[in-house]
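Below you'll find the structure, written out as structure tokens, and then a few comments.
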Amino acid sequence: MALQTKYKQTMTKHALLKLYQDIPYPSLAFAQTHPNQLATIAILLGLEPPHVDNCRLLELGCAIGGNIIPMACTIPDSQIIGIDFASNQIEIGRTTIEALGLENITLKTMDILDITSDFGEFDYIIAHGIYSWTPSQVRDKVMAICKANLAQNGVAYISYNTYPGWHMLNISRDLMLYHSRNDTEPLVRAKKARAALDFLIQSLPTDHKGYADFLKPYLNFLQHQLERVGDKKDTLLLHDEIAEFNNPVHFHQFVEHAAQHGLQYLAEANFSTIMPNKFPPHVQENLRHMATDLIEMEQYMDYLLNRMFRQTLLCHAKSQITRVLNPARLVNLHFASRAKPVSDKPNIEIVSVERFQSVEGATLSTDHPVSKAAMSYLHQICPQTAHFRELFNIARSMVPRSVWMEDPNLEAMVLGQTLLQGYTYGGNLVNLFMAPPKPTTKISQRPLASRLARFQVTHSNEVTNLYHERVSLDEITRSVLSHLDGTQTKVQLLDKLIEWTTKGGLKISSHGEHISDCDTQQKILSMELDIQLQWLAKAALLVG
């Protein structure tokens with residue numbers, strides 16, 4: 001588009017650097033980029049990726065290290081390098097690394113274009129938020145790095161904006177750019193961009209006259225977009241929706257670009273998003289008839305879903321990928337699940353259907369007793385994990401021998417198929433790990449939160465848990481977590497809550513009325529402390 005091209009031409013490398021120096025892109029943890037996720041998917045597709053525990057990992061455009069510093073904390077025997085061309089962000093990240101006492105991670109001020117094959121070989125390469133938001137020579141260089149610096153069995157992750165979804169987004173983007181075209185102050189531009197989007201939504205007709213019916217789907221889309229933008233800080237809006245460089249591509253074009261550099265498509269980091277089982281059977285059948293290969297199949301799915309963003313995994317073109325999912329590949333993996341039985345009293349002892357539902361609403365149904373027992377057990381130990389063989393043995397011991405299959409290997413295969421099905425459904429029904437996180441569900445006499453979470457909570461109400469997920473905290477949870485350094489007993493923690501209440505920092509009320517009686521306050525705070533500790537354990541923030 002002409003307006004978009006004009007903006008690209010006026011944005012020099014120096015200006016782009018200044019923008020990132022002055023208004024840093026929020027540096028966050030993204031669970032889907034963790035090498036655990038990348039390795040697991042590679043294993044499912046027949047590859048033998050390097051073990052996560054002692055891997056070498058490179059992140060391009062790491063900012064202050066918000067994504068890779070938590071990785072360094074959970075896989076201490078790994079070697080992690082992050083590069084970014086904004087020196088002030090690198091310095092902030094180095095300060096965090098020093099405060100946490102990490103020795104397995106290095107941040108470097110460096111331009112992506114300066115990386116050569118001599119920079120080293122890496123088992124996993126991450127490029128989140130780079131490909132679509134940079135000039136063509138940088139996009140080419142990202143692919144070249146993934147070819148030249150990726151280990152033989154390694155996996156690369158690249159995120160990017162996609163068509164067809166961005167055809168609709170470009171309408172609102174162009175309006176936001178046009179409305180803010182005369183402003184040079186970035187945050188003023190962001191404010192005007194928000195106002196423009198709000199204007200568009202409020203001004204489109206909602207009755208059934210003229211072109212209103214035609215515009216209704218677009219209006220619904222824009223309202224969703226406003227909600228999406230409304231949750232973002234102005235810094236995110238500046239670097240995403242109204243970024244000077246924004247180059248969406250079709251999925252097939254991205255795959256072709258990768259192929260030019262000796263790379264091939266492996267899968268999406270969110271594996272469930274590429275499974276056709278989300279469509280009705282007749283749609284799946286039509287897709288199979290229309291598509292001549294996997295790439296065409298997924299491109300047609302992008303059209304059906306109006307997909308606007310992808311997080312694609314690549315590997316070397318010579319790698320032998322097996323697209324048929326085989327439960328036998330699960331035997332060395334670890335499992336977790338946040339799904340709980342829909343029934344209050346699930347019957348795992350007979351062949352009858354039970355449903356398990358995740359917090360996100362995804363459901364898995366099975367009538368296989370051992371599978372039902374396994375899902376029930378994972379719910380009981382959540383957020384801890386279980387190795388496949390351990391899970392199979394425990395689940396089998398939970399059901400009567402009368403419902404066992406004669407062949408234990410066949411039974412293990414059926415369990416594996418059920419777990420695979422749950423994994424492909426997404427929604428945290430079943431999570432798989434090569435190197436399992438190690439949170440504890442036991443509330444010790446002196447509870448201990450992860451060192452990273454204790455550091456982050458002093459600066460933010462959002463912390464990163466042991467699953468590499470971002471967890472938002474309210475005021476009281478944040479206060480409790482800040483004291484969980486392993487030296488405070490539960491009595492001492494309660495005293496701190498009482499002191500906080502006495503000083504007016506915490507108000508206690510019941511049915512809208514303030515409670516001032518000290519004994520009543522102490523009882524309520526004691527119960528609240530137990531609730532908070534249990535919640536922190538379930539959120540995978542406590543360690544043994």
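In the structure tokens, the first chain shown is A, the next is B, and so on; residue numbers restart at 1 for each chain, and ligands run from 1 in the order shown.
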Hey, what's within 10 Å of region 282-288 of chain A if we count only C-alpha atoms and toss same-chain stuff fewer than 3 positions away? As a PDB file with C-alpha atoms, in the first residue's frame, please?
ATOM      1  CA  PRO A 276      -7.721 -30.169  10.839  1.00  0.00           C
ATOM      2  CA  ASN A 277      -9.776 -31.940  13.531  1.00  0.00           C
ATOM      3  CA  LYS A 278     -11.148 -28.536  14.569  1.00  0.00           C
ATOM      4  CA  PHE A 279     -13.301 -28.580  11.418  1.00  0.00           C
ATOM      5  CA  ALA A 291      -4.889 -29.802  -1.182  1.00  0.00           C
ATOM      6  CA  THR A 292      -2.137 -31.651  -3.011  1.00  0.00           C
ATOM      7  CA  ASP A 293       0.286 -31.478  -0.078  1.00  0.00           C
ATOM      8  CA  LEU A 294       0.626 -30.363   3.540  1.00  0.00           C
ATOM      9  CA  GLU A 296      -1.543 -26.336   0.536  1.00  0.00           C
ATOM     10  CA  MET A 297      -3.659 -27.929   3.252  1.00  0.00           C
ATOM     11  CA  GLU A 298      -2.451 -25.456   5.862  1.00  0.00           C
ATOM     12  CA  TYR A 300      -6.392 -23.376   2.844  1.00  0.00           C
ATOM     13  CA  MET A 301      -6.879 -23.683   6.608  1.00  0.00           C
ATOM     14  CA  LEU A 304     -10.829 -20.700   6.595  1.00  0.00           C
TER      15      LEU A 304
END
May I have a table of the residues of region 423-452 of chain A lying at most 12 Å from region 70-94 of chain A, giving each one's closest pair of atoms and their distance in Å to one decimal, counting only C-alpha atoms, ordered by chain and ascending residue number, as CSV?
residue,atom,partner,partner_atom,distance
A:Met434,CA,A:Ile75,CA,11.7
A:Ala435,CA,A:Ile75,CA,8.5
A:Pro436,CA,A:Thr74,CA,9.6
A:Pro437,CA,A:Thr74,CA,7.4
A:Lys438,CA,A:Thr74,CA,8.7
A:Pro439,CA,A:Thr74,CA,10.5
A:Ser450,CA,A:Cys73,CA,9.0
A:Arg451,CA,A:Cys73,CA,8.4
A:Leu452,CA,A:Pro70,CA,7.0
Would you write out those residues with N, CA and C atoms, as an mmCIF file, in the first residue's frame?
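Contents of again-v1.cif, freshly written:
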data_model
loop_
_atom_site.group_PDB
_atom_site.id
_atom_site.type_symbol
_atom_site.label_atom_id
_atom_site.label_comp_id
_atom_site.auth_asym_id
_atom_site.auth_seq_id
_atom_site.Cartn_x
_atom_site.Cartn_y
_atom_site.Cartn_z
ATOM 1 N N MET A 434 10.083 -32.688 27.120
ATOM 2 C CA MET A 434 11.307 -33.477 27.105
ATOM 3 C C MET A 434 11.996 -33.357 28.461
ATOM 4 N N ALA A 435 12.152 -32.124 28.932
ATOM 5 C CA ALA A 435 12.770 -31.843 30.234
ATOM 6 C C ALA A 435 11.691 -31.236 31.124
ATOM 7 N N PRO A 436 11.152 -31.986 32.069
ATOM 8 C CA PRO A 436 9.979 -31.511 32.804
ATOM 9 C C PRO A 436 10.291 -30.378 33.768
ATOM 10 N N PRO A 437 9.391 -29.392 33.885
ATOM 11 C CA PRO A 437 9.503 -28.395 34.954
ATOM 12 C C PRO A 437 9.372 -29.100 36.301
ATOM 13 N N LYS A 438 9.909 -28.499 37.343
ATOM 14 C CA LYS A 438 9.909 -29.166 38.647
ATOM 15 C C LYS A 438 9.329 -28.289 39.749
ATOM 16 N N PRO A 439 8.062 -27.892 39.600
ATOM 17 C CA PRO A 439 7.414 -27.170 40.693
ATOM 18 C C PRO A 439 7.027 -28.134 41.801
ATOM 19 N N SER A 450 10.263 -19.532 43.309
ATOM 20 C CA SER A 450 11.437 -19.508 42.440
ATOM 21 C C SER A 450 12.153 -18.169 42.566
ATOM 22 N N ARG A 451 13.455 -18.210 42.404
ATOM 23 C CA ARG A 451 14.248 -16.988 42.543
ATOM 24 C C ARG A 451 13.840 -15.950 41.510
ATOM 25 N N LEU A 452 13.542 -16.420 40.307
ATOM 26 C CA LEU A 452 13.133 -15.499 39.253
ATOM 27 C C LEU A 452 11.841 -14.779 39.631
#
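Separating CA of Ala151 (chain A) from CA of Gly120 (chain A) is a distance of 9.4 Å.
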All helix (DSSP H, G or I) positions in region 268-335 of chain A, as a ChimeraX atom specification: /A:271-274,276-278,281-290,294-305,327-330
When you look at region 371-377 of chain A with a cut-off of 8 Å (counting only C-alpha atoms), what residues show up, excluding the ones that are within fewer than 3 positions of it in the same chain? I need them as number ranges by chain. A: 337, 339-341, 348, 354, 356, 366-368, 380-381, 391-392, 394-396, 398-399, 414-415, 418-419
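Here CA of Trp535 (chain A) is placed at a distance of 20.9 Å from CA of Val342 (chain A).
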Which neighbours of region 515-529 of chain A fall inside 12 Å, counting only C-alpha atoms, when residues of the same chain fewer than 4 positions from it are skipped, and could you give them as a PyMOL selection string? chain A and resi 443+447+476-481+483-484+489-502+504+506-511+533-536
Quick one: DSSP strand (DSSP E) residues in region 34-228 of chain A, as an MDAnalysis selection string? chainID A and resid 56:60 79:84 105:109 122:127 150:161
Go ahead and dump the residues you just picked, C-alpha atoms, as a PDB file, in the first residue's frame.
ATOM      1  CA  ARG A  56      22.772 -24.227  23.074  1.00  0.00           C
ATOM      2  CA  LEU A  57      20.157 -21.598  22.291  1.00  0.00           C
ATOM      3  CA  LEU A  58      20.232 -18.291  20.397  1.00  0.00           C
ATOM      4  CA  GLU A  59      17.554 -15.612  20.457  1.00  0.00           C
ATOM      5  CA  LEU A  60      17.590 -12.878  17.824  1.00  0.00           C
ATOM      6  CA  GLN A  79      24.189 -22.176  27.156  1.00  0.00           C
ATOM      7  CA  ILE A  80      22.035 -19.275  26.003  1.00  0.00           C
ATOM      8  CA  ILE A  81      22.966 -16.238  23.926  1.00  0.00           C
ATOM      9  CA  GLY A  82      20.726 -13.300  23.120  1.00  0.00           C
ATOM     10  CA  ILE A  83      21.502 -10.446  20.759  1.00  0.00           C
ATOM     11  CA  ASP A  84      19.849  -7.078  20.210  1.00  0.00           C
ATOM     12  CA  ILE A 105      23.409 -16.777  29.596  1.00  0.00           C
ATOM     13  CA  THR A 106      25.094 -13.959  27.673  1.00  0.00           C
ATOM     14  CA  LEU A 107      23.495 -10.885  26.119  1.00  0.00           C
ATOM     15  CA  LYS A 108      25.313  -9.052  23.334  1.00  0.00           C
ATOM     16  CA  THR A 109      24.764  -5.723  21.594  1.00  0.00           C
ATOM     17  CA  PHE A 122      22.935 -23.614  18.152  1.00  0.00           C
ATOM     18  CA  ASP A 123      20.455 -26.380  18.862  1.00  0.00           C
ATOM     19  CA  TYR A 124      17.542 -23.952  19.026  1.00  0.00           C
ATOM     20  CA  ILE A 125      17.170 -20.526  17.412  1.00  0.00           C
ATOM     21  CA  ILE A 126      14.349 -18.126  18.304  1.00  0.00           C
ATOM     22  CA  ALA A 127      13.280 -15.099  16.266  1.00  0.00           C
ATOM     23  CA  LEU A 150      21.445 -24.276  13.347  1.00  0.00           C
ATOM     24  CA  ALA A 151      22.717 -27.668  14.512  1.00  0.00           C
ATOM     25  CA  GLN A 152      22.064 -30.681  12.310  1.00  0.00           C
ATOM     26  CA  ASN A 153      19.049 -31.833  14.346  1.00  0.00           C
ATOM     27  CA  GLY A 154      18.151 -28.378  15.617  1.00  0.00           C
ATOM     28  CA  VAL A 155      14.871 -26.472  15.458  1.00  0.00           C
ATOM     29  CA  ALA A 156      14.297 -22.803  14.634  1.00  0.00           C
ATOM     30  CA  TYR A 157      11.274 -20.727  15.657  1.00  0.00           C
ATOM     31  CA  ILE A 158      10.141 -17.691  13.639  1.00  0.00           C
ATOM     32  CA  SER A 159       6.981 -15.660  14.237  1.00  0.00           C
ATOM     33  CA  TYR A 160       5.388 -13.463  11.582  1.00  0.00           C
ATOM     34  CA  ASN A 161       2.163 -11.789  10.485  1.00  0.00           C
TER      35      ASN A 161
END
Listing only residues of region 418-471 of chain A within 12 Å of region 27-47 of chain A, what is the closest atom pair and its distance in Å (to one decimal) for each, using only C-alpha atoms, sorted by chain and residue number ascending, as JSON lines?
{"residue": "A:Leu420", "atom": "CA", "partner": "A:Leu44", "partner_atom": "CA", "distance": 9.4}
{"residue": "A:Tyr423", "atom": "CA", "partner": "A:Ile41", "partner_atom": "CA", "distance": 10.6}
{"residue": "A:Thr424", "atom": "CA", "partner": "A:Ile41", "partner_atom": "CA", "distance": 10.8}
{"residue": "A:Asn428", "atom": "CA", "partner": "A:Ala31", "partner_atom": "CA", "distance": 11.9}
{"residue": "A:Asn431", "atom": "CA", "partner": "A:Gln37", "partner_atom": "CA", "distance": 9.1}
{"residue": "A:Leu432", "atom": "CA", "partner": "A:Thr40", "partner_atom": "CA", "distance": 6.6}
{"residue": "A:Phe433", "atom": "CA", "partner": "A:Asn36", "partner_atom": "CA", "distance": 5.7}
{"residue": "A:Met434", "atom": "CA", "partner": "A:Asn36", "partner_atom": "CA", "distance": 5.8}
{"residue": "A:Ala435", "atom": "CA", "partner": "A:Asn36", "partner_atom": "CA", "distance": 6.4}
{"residue": "A:Pro436", "atom": "CA", "partner": "A:Asn36", "partner_atom": "CA", "distance": 8.1}
{"residue": "A:Pro437", "atom": "CA", "partner": "A:Asn36", "partner_atom": "CA", "distance": 9.4}
{"residue": "A:Gln456", "atom": "CA", "partner": "A:Leu28", "partner_atom": "CA", "distance": 11.5}
{"residue": "A:Ser460", "atom": "CA", "partner": "A:Leu28", "partner_atom": "CA", "distance": 11.8}
{"residue": "A:Glu462", "atom": "CA", "partner": "A:Leu28", "partner_atom": "CA", "distance": 9.7}
{"residue": "A:Val463", "atom": "CA", "partner": "A:Ala29", "partner_atom": "CA", "distance": 9.1}
{"residue": "A:Thr464", "atom": "CA", "partner": "A:Ala29", "partner_atom": "CA", "distance": 6.9}
{"residue": "A:Asn465", "atom": "CA", "partner": "A:Ala29", "partner_atom": "CA", "distance": 9.6}
{"residue": "A:Leu466", "atom": "CA", "partner": "A:Ala31", "partner_atom": "CA", "distance": 10.0}
{"residue": "A:Tyr467", "atom": "CA", "partner": "A:Ala31", "partner_atom": "CA", "distance": 7.1}
{"residue": "A:His468", "atom": "CA", "partner": "A:Ala31", "partner_atom": "CA", "distance": 4.9}
{"residue": "A:Glu469", "atom": "CA", "partner": "A:Ala31", "partner_atom": "CA", "distance": 5.3}
{"residue": "A:Arg470", "atom": "CA", "partner": "A:Ala29", "partner_atom": "CA", "distance": 6.5}
{"residue": "A:Val471", "atom": "CA", "partner": "A:Ala29", "partner_atom": "CA", "distance": 10.2}
For C-alpha atoms, I'd like the residues from the last selection saved as a PDB file, in the first residue's frame.
ATOM      1  CA  LEU A 420      -1.790 -37.540  21.874  1.00  0.00           C
ATOM      2  CA  TYR A 423      -2.315 -32.732  23.047  1.00  0.00           C
ATOM      3  CA  THR A 424      -3.595 -32.091  19.523  1.00  0.00           C
ATOM      4  CA  ASN A 428      -3.780 -27.290  28.050  1.00  0.00           C
ATOM      5  CA  ASN A 431       1.146 -30.881  27.923  1.00  0.00           C
ATOM      6  CA  LEU A 432       4.288 -32.742  26.856  1.00  0.00           C
ATOM      7  CA  PHE A 433       7.875 -32.138  27.925  1.00  0.00           C
ATOM      8  CA  MET A 434      11.307 -33.477  27.105  1.00  0.00           C
ATOM      9  CA  ALA A 435      12.770 -31.843  30.234  1.00  0.00           C
ATOM     10  CA  PRO A 436       9.979 -31.511  32.804  1.00  0.00           C
ATOM     11  CA  PRO A 437       9.503 -28.395  34.954  1.00  0.00           C
ATOM     12  CA  GLN A 456      10.241 -10.127  39.076  1.00  0.00           C
ATOM     13  CA  SER A 460       5.934  -6.028  38.248  1.00  0.00           C
ATOM     14  CA  GLU A 462       3.429 -10.274  36.328  1.00  0.00           C
ATOM     15  CA  VAL A 463       5.927 -13.084  36.865  1.00  0.00           C
ATOM     16  CA  THR A 464       7.146 -16.096  34.890  1.00  0.00           C
ATOM     17  CA  ASN A 465       6.399 -19.537  36.303  1.00  0.00           C
ATOM     18  CA  LEU A 466       8.336 -22.775  35.881  1.00  0.00           C
ATOM     19  CA  TYR A 467       6.272 -23.606  32.782  1.00  0.00           C
ATOM     20  CA  HIS A 468       7.606 -20.423  31.147  1.00  0.00           C
ATOM     21  CA  GLU A 469       4.124 -18.916  31.367  1.00  0.00           C
ATOM     22  CA  ARG A 470       3.290 -15.367  32.409  1.00  0.00           C
ATOM     23  CA  VAL A 471       1.227 -15.216  35.595  1.00  0.00           C
TER      24      VAL A 471
END
